[in-house]
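Next up, upload06.txt (compact mmCIF, C-alpha atoms and all ligand atoms):
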```txt
# COMPACT_ATOMS: atom_id res chain seq x y z
CA MET G 1 17.24 125.88 245.89
CA PRO G 2 17.99 123.30 248.59
CA THR G 3 18.49 124.37 252.19
CA ILE G 4 22.13 123.76 253.01
CA ARG G 5 23.08 124.02 256.66
CA LYS G 6 25.91 121.54 256.92
CA LEU G 7 28.44 120.62 254.30
CA GLY G 8 31.15 117.93 254.35
CA VAL G 9 34.46 118.37 252.56
CA LEU G 10 37.08 115.70 251.83
CA THR G 11 40.28 115.21 249.86
CA GLY G 12 41.07 111.89 248.17
CA GLY G 13 43.79 110.24 246.11
CA GLY G 14 47.36 111.48 245.80
CA ASP G 15 47.90 114.96 247.15
CA ALA G 16 48.50 117.98 244.93
CA PRO G 17 49.70 121.46 245.85
CA GLY G 18 46.61 123.64 246.20
CA LEU G 19 44.38 121.21 248.13
CA ASN G 20 44.58 123.39 251.22
CA ALA G 21 43.74 126.46 249.17
CA VAL G 22 40.52 124.74 248.02
CA ILE G 23 39.63 123.73 251.60
CA ARG G 24 40.26 127.29 252.77
CA ALA G 25 38.05 128.76 250.07
CA VAL G 26 35.29 126.22 250.79
CA VAL G 27 35.37 126.94 254.52
CA LYS G 28 35.44 130.72 254.18
CA THR G 29 32.75 130.98 251.51
CA ALA G 30 30.48 128.44 253.20
CA ILE G 31 30.76 130.04 256.63
CA ASN G 32 30.02 133.45 255.10
CA ALA G 33 26.88 131.90 253.62
CA GLY G 34 25.85 130.59 257.05
CA VAL G 35 26.83 126.97 256.36
CA THR G 36 28.73 124.78 258.84
CA VAL G 37 31.62 122.86 257.31
CA ILE G 38 32.63 119.41 258.48
CA GLY G 39 36.13 118.34 257.49
CA LEU G 40 36.27 114.61 256.71
CA GLU G 41 39.71 113.11 257.22
CA ASP G 42 41.44 110.64 254.94
CA SER G 43 38.98 110.85 252.08
CA PHE G 44 35.75 108.86 252.56
CA ASP G 45 37.16 107.37 255.78
CA GLY G 46 35.78 110.53 257.35
CA LEU G 47 32.34 109.07 256.68
CA ILE G 48 33.26 105.64 257.99
CA TYR G 49 34.90 106.44 261.31
CA PRO G 50 33.11 108.98 263.55
CA ASP G 51 36.39 110.25 265.04
CA LYS G 52 37.58 111.29 261.58
CA ALA G 53 35.11 114.15 261.19
CA ARG G 54 35.49 117.62 262.70
CA VAL G 55 34.01 121.09 262.34
CA LEU G 56 36.25 123.45 260.38
CA THR G 57 36.28 127.09 261.38
CA THR G 58 38.00 130.04 259.73
CA LYS G 59 40.69 129.66 262.40
CA ASP G 60 41.38 126.11 261.20
CA VAL G 61 42.15 127.34 257.70
CA ALA G 62 44.19 130.39 258.67
CA GLY G 63 47.63 130.28 257.07
CA ILE G 64 47.06 127.15 254.98
CA LEU G 65 46.81 128.88 251.58
CA ARG G 66 50.52 128.52 250.97
CA GLN G 67 50.87 125.01 252.39
CA GLY G 68 51.24 121.88 250.27
CA GLY G 69 49.59 118.60 251.29
CA THR G 70 46.12 118.62 252.85
CA ILE G 71 45.07 119.39 256.42
CA LEU G 72 42.42 116.67 256.03
CA GLY G 73 44.80 113.89 255.02
CA THR G 74 44.17 111.66 252.04
CA VAL G 75 44.26 108.01 251.05
CA ASN G 76 44.53 106.11 247.82
CA ARG G 77 42.56 102.94 248.46
CA GLY G 78 41.81 101.56 245.04
CA ASN G 79 38.28 100.21 244.79
CA PRO G 80 36.65 100.58 248.24
CA PHE G 81 33.46 98.85 247.08
CA ALA G 82 35.31 95.57 246.45
CA GLU G 83 35.12 94.15 249.98
CA PRO G 84 33.31 94.78 253.27
CA ILE G 85 35.20 97.12 255.60
CA VAL G 86 36.20 96.01 259.06
CA THR G 87 36.21 98.78 261.70
CA PRO G 88 36.23 98.87 265.52
CA TYR G 89 32.50 99.67 265.17
CA GLY G 90 31.73 96.56 263.12
CA THR G 91 31.98 95.21 259.59
CA PHE G 92 30.11 97.20 256.98
CA ASN G 93 29.26 97.35 253.36
CA TYR G 94 31.21 100.45 252.28
CA ALA G 95 28.42 102.21 250.41
CA ASP G 96 25.83 101.52 253.14
CA ARG G 97 28.13 102.82 255.86
CA VAL G 98 28.90 106.05 253.99
CA MET G 99 25.18 106.67 253.41
CA GLU G 100 24.33 105.88 257.03
CA MET G 101 27.02 108.20 258.41
CA PHE G 102 26.13 110.98 255.95
CA GLN G 103 22.63 110.91 257.38
CA GLN G 104 23.73 110.47 260.99
CA MET G 105 26.01 113.52 260.71
CA GLU G 106 23.05 115.46 259.26
CA LEU G 107 25.08 116.56 256.28
CA ASP G 108 23.19 118.25 253.45
CA ALA G 109 25.91 117.91 250.82
CA LEU G 110 29.51 116.92 250.17
CA ILE G 111 32.37 118.53 248.30
CA CYS G 112 34.79 115.85 247.10
CA ILE G 113 38.20 117.10 245.98
CA GLY G 114 40.12 114.45 244.08
CA GLY G 115 41.37 112.89 240.92
CA ASP G 116 39.72 110.34 238.68
CA GLY G 117 39.60 107.65 241.39
CA THR G 118 37.97 109.86 244.03
CA LEU G 119 35.61 111.43 241.51
CA SER G 120 34.55 107.96 240.34
CA ILE G 121 33.76 106.93 243.92
CA ALA G 122 31.95 110.23 244.44
CA TYR G 123 29.90 109.62 241.31
CA GLU G 124 28.82 106.21 242.67
CA PHE G 125 27.66 107.89 245.89
CA TYR G 126 25.88 110.61 243.93
CA LYS G 127 23.96 107.90 242.08
CA THR G 128 22.94 106.34 245.38
CA GLY G 129 21.51 109.65 246.53
CA ILE G 130 24.24 111.72 248.17
CA PRO G 131 24.11 115.33 246.94
CA LEU G 132 27.68 116.25 246.09
CA VAL G 133 29.94 118.37 243.93
CA GLY G 134 33.41 117.34 242.69
CA VAL G 135 36.55 119.45 242.46
CA PRO G 136 39.24 118.13 240.08
CA LYS G 137 42.72 117.66 241.51
CA THR G 138 45.87 116.26 239.96
CA ILE G 139 49.38 117.30 239.14
CA ASP G 140 49.04 115.12 236.02
CA ASN G 141 46.53 117.49 234.33
CA ASP G 142 44.77 114.46 232.89
CA ILE G 143 41.24 114.91 234.24
CA TYR G 144 38.74 114.96 231.42
CA GLY G 145 36.43 117.93 231.06
CA THR G 146 38.64 120.65 232.53
CA THR G 147 41.46 122.47 230.77
CA SER G 148 43.53 122.58 233.93
CA CYS G 149 43.82 121.38 237.50
CA PHE G 150 45.58 123.00 240.42
CA GLY G 151 48.87 121.26 241.23
CA PHE G 152 49.96 120.97 237.61
CA ASP G 153 51.56 124.40 237.46
CA THR G 154 53.50 123.71 240.67
CA ALA G 155 54.71 120.35 239.35
CA VAL G 156 55.78 121.90 236.05
CA SER G 157 57.58 124.73 237.85
CA PHE G 158 59.46 122.23 239.98
CA ALA G 159 60.37 120.10 236.97
CA THR G 160 61.55 123.21 235.12
CA ASP G 161 63.76 124.24 238.00
CA ALA G 162 65.19 120.73 238.25
CA ILE G 163 65.94 120.63 234.51
CA ASP G 164 67.60 124.07 234.74
CA ARG G 165 69.86 122.71 237.45
CA LEU G 166 70.68 119.58 235.52
CA HIS G 167 71.93 121.63 232.57
CA THR G 168 75.06 122.78 234.37
CA THR G 169 76.13 119.41 235.71
CA ALA G 170 75.26 117.71 232.41
CA GLU G 171 77.36 120.24 230.52
CA ALA G 172 80.28 120.02 232.94
CA HIS G 173 80.51 116.25 232.45
CA ARG G 174 79.36 116.21 228.80
CA ARG G 175 76.70 113.72 229.79
CA ILE G 176 73.26 112.74 228.70
CA MET G 177 70.89 113.34 231.60
CA VAL G 178 67.56 111.53 231.49
CA VAL G 179 64.94 113.10 233.76
CA GLU G 180 61.80 111.16 234.70
CA VAL G 181 58.70 113.16 235.57
CA MET G 182 55.27 112.03 236.78
CA GLY G 183 52.02 112.18 234.85
CA ARG G 184 50.85 108.57 234.65
CA TYR G 185 49.64 107.89 231.09
CA ALA G 186 49.61 111.54 230.03
CA GLY G 187 52.59 113.61 228.96
CA TRP G 188 51.49 117.04 230.16
CA ILE G 189 54.17 117.50 232.82
CA ALA G 190 56.90 116.13 230.55
CA LEU G 191 55.90 118.32 227.62
CA HIS G 192 55.38 121.55 229.57
CA GLY G 193 58.30 121.00 231.95
CA GLY G 194 60.54 119.84 229.13
CA VAL G 195 59.80 122.82 226.93
CA ALA G 196 60.10 125.29 229.81
CA GLY G 197 63.36 123.70 230.91
CA GLY G 198 64.86 123.65 227.42
CA ALA G 199 65.08 119.88 227.09
CA ASP G 200 66.56 118.41 223.92
CA VAL G 201 64.35 115.34 223.79
CA ILE G 202 60.91 114.92 225.32
CA LEU G 203 59.30 111.49 225.47
CA ILE G 204 55.62 111.26 226.30
CA PRO G 205 53.23 108.32 226.68
CA GLU G 206 51.01 109.50 223.83
CA ILE G 207 53.81 108.82 221.32
CA PRO G 208 55.75 105.58 221.79
CA TYR G 209 59.37 106.55 221.14
CA ASP G 210 61.93 105.27 218.69
CA PHE G 211 65.45 104.86 220.07
CA ASP G 212 66.96 105.39 216.61
CA LYS G 213 65.32 108.81 216.37
CA VAL G 214 66.40 109.81 219.84
CA VAL G 215 69.98 108.73 219.09
CA GLN G 216 69.95 110.67 215.80
CA CYS G 217 68.91 113.80 217.66
CA LEU G 218 71.62 113.34 220.28
CA GLN G 219 74.24 112.69 217.60
CA ARG G 220 73.18 115.82 215.71
CA ARG G 221 73.76 117.79 218.86
CA ASP G 222 77.18 116.20 219.33
CA ALA G 223 78.07 116.90 215.73
CA ARG G 224 77.42 120.59 216.18
CA GLY G 225 79.48 120.74 219.34
CA ALA G 226 76.86 120.49 222.07
CA ARG G 227 78.54 119.22 225.21
CA PHE G 228 75.52 117.54 226.72
CA SER G 229 71.89 116.60 226.20
CA ILE G 230 68.82 116.64 228.41
CA VAL G 231 66.15 114.01 227.82
CA VAL G 232 62.86 114.44 229.68
CA ILE G 233 60.81 111.27 229.89
CA ALA G 234 57.31 110.88 231.29
CA GLU G 235 56.94 107.96 233.70
CA GLY G 236 54.32 106.47 231.36
CA ALA G 237 56.41 106.74 228.19
CA ARG G 238 57.34 103.54 226.43
CA PRO G 239 59.47 102.62 223.45
CA LYS G 240 57.90 101.48 220.21
CA ASP G 241 57.25 97.75 220.56
CA GLY G 242 57.96 98.01 224.29
CA ALA G 243 56.00 98.24 227.51
CA VAL G 244 55.61 100.93 230.17
CA SER G 245 57.97 100.59 233.13
CA VAL G 246 56.12 99.41 236.19
CA VAL G 247 57.35 99.14 239.79
CA GLU G 248 54.21 97.49 241.15
CA LYS G 249 51.54 95.65 239.24
CA ALA G 250 47.84 96.43 239.66
CA HIS G 251 46.29 94.52 242.57
CA GLY G 252 43.07 94.51 244.57
CA GLY G 253 41.56 97.53 242.84
CA HIS G 254 44.84 99.46 243.03
CA ALA G 255 46.22 100.75 239.75
CA GLU G 256 49.72 99.76 238.66
CA ARG G 257 52.53 102.01 239.89
CA LEU G 258 54.74 103.42 237.18
CA GLY G 259 58.48 103.95 237.49
CA GLY G 260 61.80 103.06 235.93
CA ALA G 261 61.31 104.71 232.54
CA ALA G 262 64.37 106.97 232.93
CA LYS G 263 66.67 104.16 234.01
CA PHE G 264 65.55 101.93 231.20
CA CYS G 265 65.85 104.68 228.60
CA GLY G 266 69.15 106.01 230.02
CA ASP G 267 70.80 102.58 230.06
CA GLU G 268 69.77 101.99 226.47
CA LEU G 269 70.98 105.41 225.33
CA ALA G 270 74.35 104.84 227.05
CA THR G 271 74.77 101.62 225.08
CA LEU G 272 73.57 103.08 221.79
CA THR G 273 75.58 106.33 221.96
CA GLY G 274 78.58 105.22 224.00
CA LYS G 275 78.15 108.40 226.04
CA GLU G 276 78.13 108.70 229.80
CA THR G 277 74.50 108.83 230.85
CA ARG G 278 72.81 109.46 234.19
CA HIS G 279 69.16 109.37 235.14
CA VAL G 280 67.19 111.33 237.74
CA VAL G 281 63.68 110.59 238.99
CA LEU G 282 61.90 113.71 240.26
CA GLY G 283 59.19 111.59 241.88
CA HIS G 284 57.11 112.93 244.73
CA LEU G 285 59.13 116.14 244.97
CA GLN G 286 56.82 117.28 242.16
CA ARG G 287 53.86 117.02 244.53
CA GLY G 288 55.52 118.58 247.55
CA GLY G 289 55.96 122.14 248.74
CA ALA G 290 53.99 125.32 248.35
CA PRO G 291 51.61 125.79 245.43
CA THR G 292 52.49 128.44 242.86
CA ALA G 293 50.46 131.66 242.68
CA PHE G 294 48.59 130.22 239.68
CA ASP G 295 47.64 127.06 241.59
CA ARG G 296 46.60 128.99 244.70
CA THR G 297 44.34 131.16 242.58
CA LEU G 298 42.83 128.31 240.58
CA ALA G 299 42.31 126.24 243.74
CA THR G 300 40.62 129.19 245.45
CA ARG G 301 38.35 129.71 242.44
CA PHE G 302 37.47 125.99 242.42
CA GLY G 303 36.62 126.06 246.13
CA GLY G 304 34.38 129.11 245.83
CA LYS G 305 32.64 127.75 242.75
CA ALA G 306 32.04 124.37 244.42
CA VAL G 307 30.23 126.07 247.31
CA GLU G 308 28.22 128.14 244.83
CA LEU G 309 27.13 124.96 243.01
CA VAL G 310 26.16 123.32 246.31
CA LEU G 311 24.07 126.34 247.32
CA ARG G 312 22.38 126.32 243.92
CA GLY G 313 21.69 122.58 244.18
CA GLN G 314 23.82 121.73 241.14
CA PHE G 315 24.75 118.26 242.36
CA GLY G 316 26.49 115.45 240.48
CA LYS G 317 28.72 118.05 238.81
CA MET G 318 32.43 118.76 238.76
CA VAL G 319 33.78 122.29 238.72
CA ALA G 320 35.72 122.65 235.47
CA ASN G 321 38.01 125.33 234.15
CA HIS G 322 36.86 126.51 230.74
CA PRO G 323 38.75 129.80 230.51
CA PRO G 324 37.74 132.45 231.20
CA GLU G 325 34.96 130.74 233.16
CA LEU G 326 34.49 127.97 235.66
CA VAL G 327 31.58 125.79 234.64
CA PRO G 328 29.79 122.73 236.07
CA VAL G 329 30.22 119.54 234.04
CA PRO G 330 28.33 116.30 234.83
CA LEU G 331 30.51 113.83 236.73
CA GLY G 332 29.17 111.08 234.47
CA GLU G 333 30.93 112.73 231.53
CA VAL G 334 34.23 112.94 233.37
CA VAL G 335 34.88 109.72 235.25
CA GLY G 336 36.69 106.82 233.65
CA ARG G 337 38.21 109.02 230.95
CA THR G 338 41.72 110.41 230.62
CA LYS G 339 42.68 113.70 229.03
CA LEU G 340 45.79 112.91 227.01
CA VAL G 341 48.01 115.39 225.16
CA PRO G 342 46.34 115.77 221.75
CA LEU G 343 48.69 115.02 218.89
CA ASP G 344 47.77 118.34 217.28
CA TYR G 345 48.42 120.32 220.47
CA ASP G 346 50.24 123.49 219.47
CA LEU G 347 53.04 123.08 222.02
CA LEU G 348 53.73 119.59 220.72
CA GLN G 349 53.77 120.89 217.15
CA THR G 350 56.08 123.74 218.10
CA ALA G 351 58.44 121.38 219.89
CA ARG G 352 58.66 119.23 216.79
CA MET G 353 59.06 122.21 214.46
CA MET G 354 61.86 123.59 216.63
CA GLY G 355 63.65 120.26 216.52
CA ILE G 356 63.80 119.94 212.79
CA SER G 357 64.59 123.53 212.01
CA CYS G 358 67.27 124.46 214.55
CA GLY G 359 71.04 124.03 214.63
CA ASP G 360 73.56 124.17 211.84
CA LYS G 361 73.15 120.51 210.94
CA CYS G 362 69.40 120.77 210.57
CA PRO G 363 67.71 121.05 207.20
CA SER G 364 66.53 124.43 205.99
CA ARG G 365 63.48 125.84 207.73
CA SER G 366 60.94 125.57 204.93
CA TRP G 367 61.92 122.07 203.95
CA SER G 368 62.14 120.89 207.50
CA PHE G 369 58.73 122.32 208.29
CA PHE G 370 57.26 120.31 205.48
CA PHE G 371 59.18 117.23 206.57
CA CYS G 372 58.15 117.62 210.17
CA ARG G 373 54.49 118.14 209.44
CA SER G 374 54.44 115.14 207.14
CA SER G 375 56.23 112.99 209.61
CA ILE G 376 53.81 113.84 212.40
CA SER G 377 51.09 111.82 210.84
CA LEU G 378 53.27 109.29 209.08
CA THR G 379 56.39 108.31 210.91
CA CYS G 380 57.37 110.66 213.71
CA SER G 381 57.39 108.49 216.79
CA SER G 382 59.24 110.62 219.27
CA VAL G 383 59.12 114.26 220.19
CA ILE G 384 62.56 115.46 219.35
CA PHE G 385 63.96 118.92 219.22
CA CYS G 386 67.35 120.49 219.53
CA THR G 387 68.19 123.67 221.36
O1 LIG S 401 48.37 110.99 239.96
C1 LIG S 401 49.37 111.69 240.62
C2 LIG S 401 50.61 110.87 240.74
O2 LIG S 401 51.59 111.67 241.38
C3 LIG S 401 51.12 110.27 239.45
O3 LIG S 401 51.79 111.21 238.67
C4 LIG S 401 51.98 109.15 239.97
O4 LIG S 401 52.11 108.11 239.02
C5 LIG S 401 51.19 108.68 241.15
O5 LIG S 401 50.38 109.74 241.57
C6 LIG S 401 52.06 108.24 242.30
O6 LIG S 401 51.21 107.75 243.28
P1 LIG S 401 51.69 107.38 244.75
O7 LIG S 401 51.67 108.64 245.56
O8 LIG S 401 50.66 106.40 245.20
O9 LIG S 401 53.07 106.81 244.67
```
Output the file's structure as structure tokens, nothing else.
Ligand code: F6P
Amino acid sequence: MPTIRKLGVLTGGGDAPGLNAVIRAVVKTAINAGVTVIGLEDSFDGLIYPDKARVLTTKDVAGILRQGGTILGTVNRGNPFAEPIVTPYGTFNYADRVMEMFQQMELDALICIGGDGTLSIAYEFYKTGIPLVGVPKTIDNDIYGTTSCFGFDTAVSFATDAIDRLHTTAEAHRRIMVVEVMGRYAGWIALHGGVAGGADVILIPEIPYDFDKVVQCLQRRDARGARFSIVVIAEGARPKDGAVSVVEKAHGGHAERLGGAAKFCGDELATLTGKETRHVVLGHLQRGGAPTAFDRTLATRFGGKAVELVLRGQFGKMVANHPPELVPVPLGEVVGRTKLVPLDYDLLQTARMMGISCGDKCPSRSWSFFFCRSSISLTCSSVIFCT
């Protein structure tokens, strides 16, 4: 067992509801174990600039459990190793400066809370000798090696509420409403939010969609008297033979920024169906606000487990949720990989089965089940179901 007297904690990448709950759990459990916690602001910047590091006491984390965002601040810098960093204290090689400051601050370990980008940077530092533990964070639920991340439940709840609200206005105007949700290249938010919100069509990045099939579904609904349709589209979804919608190309180590999928899809559906169509982008609202009870609990568990791993000297690991347990998984097995929605995921299957077997214009249940299951592997190129 290593002797841990001082521990640094940082949050990196896009924020996610529950970050503060992790920080709170880290601070409280560490202090109870006799460890001093240093809060590092704005991700690894806290190890670059001396004025961005401060002691965190239990008083500092009082009342933050229910707050979104992060009291430590966060940045999304792309690849920080790419160029030397210029600071008021001089120009440094990024990795050297972090190592130097880690030692100067007399830290014994770090807890890095972040998504794939932050965990990848953390893994590089671990390999250069910094003892650290990772905590997975993302609303996208796409971090490899863990079944869930805090923030996802809150994002899905928000999306569900938004879709609920859109039903009434869509129905009043007999419109098609296309709702864009986040998730990058994974369709978790779209699938879970879409199912929970009772969407009629759900388009996810894992399955490039076919406009003909979407239109057929919408027309079936019209034919049986439905006054409106709700299409949920993940920001990373793309049509067959088409590209993802991008608002900013990748540059200088920064990943491309996705956006525009709902507008593109909505405009096309308006043309193809002749129906009035509107699109809504839920955007960063999905990341804002208070975490749900589930996310507060998961985040608290992650924070406590991270401190336990640090105290046991289990470095180079990420806390992962493998229900009913939290387990350490090597960071090397996690970084650079994306957890996509598996095509045999039961919720995806159910969504498809519901689509083919519901409504008075749909084929009979047994036949449609057979058809749907066959088409999954052969031809089905969009997730379509009718309510
Ligand atoms: O990874 C979380 C996420 O919210 C994605 O769903 C989204 O594509 C991206 O971050 C948005 O990033 P930014 O906050 O930099 O606009």
Expected axis-aligned box over every listed atom of ligand LIG 401 (chain S), 4 Å added per side, centre plus edges in Å to one decimal, as JSON:
```
{"center_x": 50.7, "center_y": 109.0, "center_z": 242.1, "size_x": 12.7, "size_y": 13.3, "size_z": 14.9}
```
### Query
What does the distance between CA of Ile202 in chain G and CA of Thr297 in chain G come to in Å, to one decimal place?
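Interatomic distance, CA of Ile202 in chain G to CA of Thr297 in chain G: 28.9 Å.
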### Message
With only C-alpha atoms as the counted atoms, please give the residues lying no more than 7 Å from Val280 in chain G, apart from itself and same-chain residues fewer than 2 positions off, as a ChimeraX atom specification.
### Response
/G:178-180,278,282
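Near ligand LIG 401 (chain S), at distances of 8 Å or less and with all atoms listed in the file counted, sit the residues Gly13, Gly14, Asp15, Ala16, Asn76, Gly115, Thr138, Ile139, Asp140, Val181, Met182, Gly183, Arg184, Glu235, Arg257, Leu258, Gly259, Gly283, His284, Gln286 and Arg287 of chain G.
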### Query
For Trp188 in chain G, which residue among G:Ala162, G:Leu272, G:Ala223, G:Leu343 is the nearest when counting only C-alpha atoms?
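Once distances to Trp188 in chain G are computed over only C-alpha atoms, the minimum belongs to G:Leu343.
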### Query
At what distance in Å, to one decimal, does CA of Arg312 in chain G lie from CA of Ile4 in chain G?
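These two atoms are separated by 9.4 Å.
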### Message
If I take CA of Ala172 in chain G and CA of Arg221 in chain G, how far is one from the other in Å, to one decimal?
### Response
15.7 Å
Would you mind listing, for every residue of range 40-117 of chain G within 6 Å of range 125-134 of chain G, the two atoms forming the shortest contact and the distance between them in Å to one decimal, using only C-alpha atoms, sorted by chain and ascending residue number, as a tab-separated table?
```
residue	atom	partner	partner_atom	distance
G:Ala109	CA	G:Pro131	CA	5.0
G:Leu110	CA	G:Leu132	CA	4.5
G:Ile111	CA	G:Val133	CA	5.0
G:Cys112	CA	G:Gly134	CA	4.9
G:Ile113	CA	G:Gly134	CA	5.8
```
### Close residues, range 324-332 of chain G itself excluded, 10 Å, all atoms listed in the file, min 5 positions apart in chain, as a count of residues only
26
### Task
Counting only C-alpha atoms, figure out which residue out of G:Gly90, G:Pro136, G:Pro17, G:Pro84 gets nearest to Tyr49 in chain G.
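Ranking G:Gly90, G:Pro136, G:Pro17, G:Pro84 by distance to Tyr49 in chain G, first place goes to G:Gly90.
Closest approach to Gly187 in chain G from the set G:Asp96, G:Asp200, G:Asp116, G:Glu206 is made by G:Glu206, with distances taken over all atoms listed in the file.
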### Contact residues around Leu40 in chain G with only C-alpha atoms at 7 Å, ignoring same-chain residues under 2 positions, as number ranges by chain
G: 8-10, 38, 42-43, 46-47, 52-54, 72
Set the distance at 7 Å and use all atoms listed in the file: which residues neighbour range 289-293 of chain G once local chain neighbours fewer than 3 positions away are removed? I'd like the list as a PDB file with C-alpha atoms, keeping the file's coordinate frame.
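Resulting contents of selection.pdb:
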```pdb
ATOM      1  CA  PRO G  17      49.700 121.460 245.850  1.00  0.00           C
ATOM      2  CA  GLY G  18      46.610 123.640 246.200  1.00  0.00           C
ATOM      3  CA  ARG G  66      50.520 128.520 250.970  1.00  0.00           C
ATOM      4  CA  GLN G  67      50.870 125.010 252.390  1.00  0.00           C
ATOM      5  CA  GLY G  68      51.240 121.880 250.270  1.00  0.00           C
ATOM      6  CA  GLY G 151      48.870 121.260 241.230  1.00  0.00           C
ATOM      7  CA  ASP G 153      51.560 124.400 237.460  1.00  0.00           C
ATOM      8  CA  THR G 154      53.500 123.710 240.670  1.00  0.00           C
ATOM      9  CA  ARG G 296      46.600 128.990 244.700  1.00  0.00           C
ATOM     10  CA  THR G 297      44.340 131.160 242.580  1.00  0.00           C
TER      11      THR G 297
END
```
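Between Val231 in chain G and the candidates G:Thr277, G:Asn321, G:Thr118, G:Thr87, the tightest atom-to-atom separation, counting only C-alpha atoms, involves G:Thr277.
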### Query
Looking at G:Val61, G:Thr91, G:Val201, G:Leu218, which one is nearest to Ala351 in chain G, with distances taken over all atoms listed in the file?
G:Val201
### Message
My list of candidates is G:Arg77, G:Lys275, G:Arg97, G:His322. Which is closest to Val215 in chain G when distances are computed with only C-alpha atoms?
### Response
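Using only C-alpha atoms, the shortest distance to Val215 in chain G belongs to G:Lys275.
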### Task
Identify, on the basis of all atoms listed in the file, every residue whose closest approach to Lys6 in chain G does not exceed 6 Å; exclude the query and any residue fewer than 2 positions from it along the same chain; express the result as a list in words.
Ile4, Val35, Thr36, Val37, Leu107 and Asp108 of chain G
Only C-alpha atoms, please: the residues just picked out, written as a PDB file, keeping the file's coordinate frame.
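To be explicit, this is the file written out as result_22.pdb:
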```pdb
ATOM      1  CA  ILE G   4      22.130 123.760 253.010  1.00  0.00           C
ATOM      2  CA  VAL G  35      26.830 126.970 256.360  1.00  0.00           C
ATOM      3  CA  THR G  36      28.730 124.780 258.840  1.00  0.00           C
ATOM      4  CA  VAL G  37      31.620 122.860 257.310  1.00  0.00           C
ATOM      5  CA  LEU G 107      25.080 116.560 256.280  1.00  0.00           C
ATOM      6  CA  ASP G 108      23.190 118.250 253.450  1.00  0.00           C
TER       7      ASP G 108
END
```
